[in-house]
Amino acid sequence: MANFDGPGFAMVDGYWIQTKAIDVEPSTDISPYLSRLLEDCVWNGNRAIVFDLYWDVKSLGAKSEWRLSSVKLSTKNFCLFLRLPNTFTDNLKDLYRFFASKFVTFVGVQIEEDLVLLKENHGIVIRSSLEIGKLAAKARGTPVVEFLGTRELAHKILWYDMSRLDSIQSKWDEAGGNDRLEAAAIEGWLIYNVYDQLQQ
């Protein structure tokens with residue numbers, strides 16, 4: 001079983017999130033970590049995995065070339081951060097299969113462009129995805145909520161204290177690896193809880 005042996009972080013409600021950051025090399029087997037996330041989301045009943053994608057953009061004249069540089073995946077108990085290689089290798093086929101799973105819903109904030117970029121640039125199709133802002137706007141009857149970012153959306157729905165996340169983000173350029181991993185864990189945990197709240 002994959003060991004999420006990175007730092008663990010306490011959330012404002014006392015919940016504990018265990019993390020793992022991986023620099024993916026051609027020989028890196030990420031499948032045990034992806035399987036652990038799937039198990040966790042099924043075990044916790046809502047079958048949701050929160051995801052966030054980060055891109056490198058290179059301008060080529062009038063066009064831009066987009067390359068997926070890292071992926072953040074979160075469940076109720078775990079946060080996995082994958083830094084991807086410049087050239088995709090065979091071991092990333094596990095990531096393709098993971099995103100194609102029809103047994104879970106991949107939940108994100110402002111994900112429509114990401115879904116298009118994934119398909120156009122890498123041939124990755126996420127079978128079941130949910131834009132949490134749209135769900136929140138419909139559930140709350142407030143259309144403007146659809147366009148909020150992670151922090152603002154979570155504050156509007158959950159009313160949690162955001163001071164730790166604000167503190168990390170205010171000094172982002174100087175933040176160390178553990179601070180950034182904590183911010184990733186907090187953001188994933190927030191969206192997971194927004195989704196959970198809206199499902200009730």
# chains A, B, ... in the order shown; residues from 1 in each chain; ligands from 1

call {"tool": "select_by_dssp", "arguments": {"residues": "region 12-196 of chain A", "states": "strand (DSSP E or B)", "output": "PyMOL selection string"}}
result
chain A and resi 16-23+48-60+63-74+78-83+105-108+129-131

call {"tool": "residues_around", "arguments": {"residues": "Met11 (chain A)", "least_positions_apart": "3", "cutoff": "9 Å", "atoms": "only C-alpha atoms", "output": "number ranges by chain"}}
result
A: 14-17, 185-186, 189

call {"tool": "residues_around", "arguments": {"residues": "Phe103 (chain A)", "least_positions_apart": "3", "cutoff": "12 Å", "atoms": "only C-alpha atoms", "output": "PyMOL selection string"}}
result
chain A and resi 38-39+41-42+45-49+97-100+106+126-129

call {"tool": "residues_around", "arguments": {"residues": "Gln18 (chain A)", "least_positions_apart": "6", "cutoff": "7 Å", "atoms": "only C-alpha atoms", "output": "ChimeraX atom specification"}}
result
/A:4,6-9,77-79

call {"tool": "closest_residue", "arguments": {"among": "A:Glu25, A:Glu65, A:Glu182, A:Asp114", "to": "Phe88 (chain A)", "atoms": "only C-alpha atoms"}}
result
A:Glu25

call {"tool": "closest_residue", "arguments": {"among": "A:Leu68, A:Leu153, A:Ile132, A:Val50", "to": "Lys119 (chain A)", "atoms": "only C-alpha atoms"}}
result
A:Leu68
